[in-house]
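> Dropping a structure here in structure tokens format, bear with me for questions.
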Amino acid sequence: MTPAKSAAKKTTPAEAASGRTTAGRTAEAAGKTASKKAVGKTASKTTVGKPVSKKAVGKTVSKKATSGEAASGKTAPARSVAAPPRNESHTALVRRARRINRELAEVYPYAHPELDFENPFQLVVATVLSAQTTDLRVNQTTPALFARYPTPEDLAEANPEDVEEILRPTGFFRAKTKSVIGLSRALRDDFGGEVPGRLEDLVKLPGVGRKTAFVVLGNAFGRPGITVDTHFQRLVRRWQWTAETEPDKIERAVGGLFPKNEWTMLSHHVIFHGRRICHARKPACGACPIAPLCPAYGEGETDPEKAKKLLKYEKGGFPGQRLNPPQAYLDAGGRPAPPLGAG
């Protein structure tokens with residue numbers, strides 16, 4: 001008998017008790033080595049940047065469980081998540097975009113402009129003031145402004161320093177004072193003290209661009225328009241409706257996906273969703289009603305419980321933007337915002 005054969009048959013007392021032998025250990029090691037080679041082969045076949053199939057994404061999501069779920073013996077229900085659209089046809093894009101809008105319409109049936117206003121003049125002024133601040137801050141500020149200057153004629157004759165003091169909480173108050181007094185003078189001198197109902201006239205007013213004009217046209221005159229604000233721009237790119245970055249190009253690209261009569265409410269749905277769930281820095285993906293349709297799912301928090309804590313406004317139990325919101329919003333459980341200076 002050779003030394004090699006003798007070593008192969010030699011067994012320690014501990015191995016004898018456990019039923020393991022040196023030969024068994026050798027076989028286990030060989031198995032592990034073969035397994036590592038197999039993994040290496042599999043990894044080598046995977047190309048970096050190769051698109052993951054929809055089925056693969058679905059399997060990954062459905063099989064993954066948190067450590068807490070594993071400990072409790074429970075797993076979260078599998079969530080079907082859309083793979084990034086690859087070579088999506090225009091027809092498929094239109095269908096997906098319209099389905100997202102339908103889903104958002106069910107989630108936000110009470111969507112509305114979140115600026116308080118009673119007439120077109122108040123809306124155009126409030127929209128100009130909303131630049132670089134929140135609608136809530138504007139709504140807390142404009143009651144004092146409109147109480148003192150209720151018409152374009154009144155605001156056109158105002159002392160700029162008095163207006164600046166009122167508008168100070170909105171930020172950039174000197175520039176905004178110049179804009180609202182300037183547009184009030186233009187309304188008085190060029191339009192008989194009335195806000196015009198045409199895009200080409202609105203954009204001539206100081207401080208009024210296409211975004212502001214479409215807010216006024218859609219919500220004060222009932223004329224369709226797409227409001228491309230920061231929320232709208234962020235979400236339509238996340239959803240891969242367009243890769244454009246300039247507001248007017250985004251407006252044209254998205255407008256081509258929907259009937260014109262849907263543009264105003266589409267804007268409200270998207271902006272509501274951007275403020276409440278699909279935030280800029282940390283989207284609440286785990287609480288998103290359109291996650292199965294979103295190519296960007298996973299950019300934010302996907303755990304449902306953690307995502308719920310990120311919800312803002314009425315979805316998270318917090319007050320909304322308006323001091324005097326529509327009744328439908330209140331009926332749906334929304335809460336009006338506190339006035340300026342409230343605790």
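Residue numbers start at 1 in each chain; chains themselves are named A, B, ... in the order of the structure tokens; ligands are numbered from 1 in the order shown.
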Using DSSP on the backbone coordinates, identify all residues within segment 130-335 of chain A classified as helix (DSSP H, G or I); present the result as a ChimeraX atom specification.

/A:135-148,152-156,160-170,173-190,199-202,210-220,230-238,247-255,260-276,285-287,291-293,304-308,313-316,327-331

> Restricting the calculation to only C-alpha atoms: of A:Glu164, A:Glu251, A:Glu314, A:Glu200, which residue gets closest to Leu129 of chain A?

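For Leu129 of chain A, the nearest of the candidates is A:Glu164.
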
> So, counting only C-alpha atoms, which residue among A:Ala126, A:Cys294, A:Val180, A:Cys278 is closest to Gln240 of chain A?

A:Cys294

> Which of these residues is nearest to Asp248 of chain A, using only C-alpha atoms: A:Arg276, A:Lys211, A:Arg234, A:Arg335?

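Closest to Asp248 of chain A, using only C-alpha atoms: A:Lys211.
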
> Do you know which residues are at most 9 Å from Glu301 of chain A counting only C-alpha atoms, after dropping those on the same chain fewer than 2 positions away, and could you put them as an MDAnalysis selection string?

chainID A and resid 282:287 298:299 303:304 306:307 310

> Any idea what the distance is between atom CA of Arg198 of chain A and atom CA of Gly218 of chain A?

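Distance reported for this atom pair: 10.9 Å.
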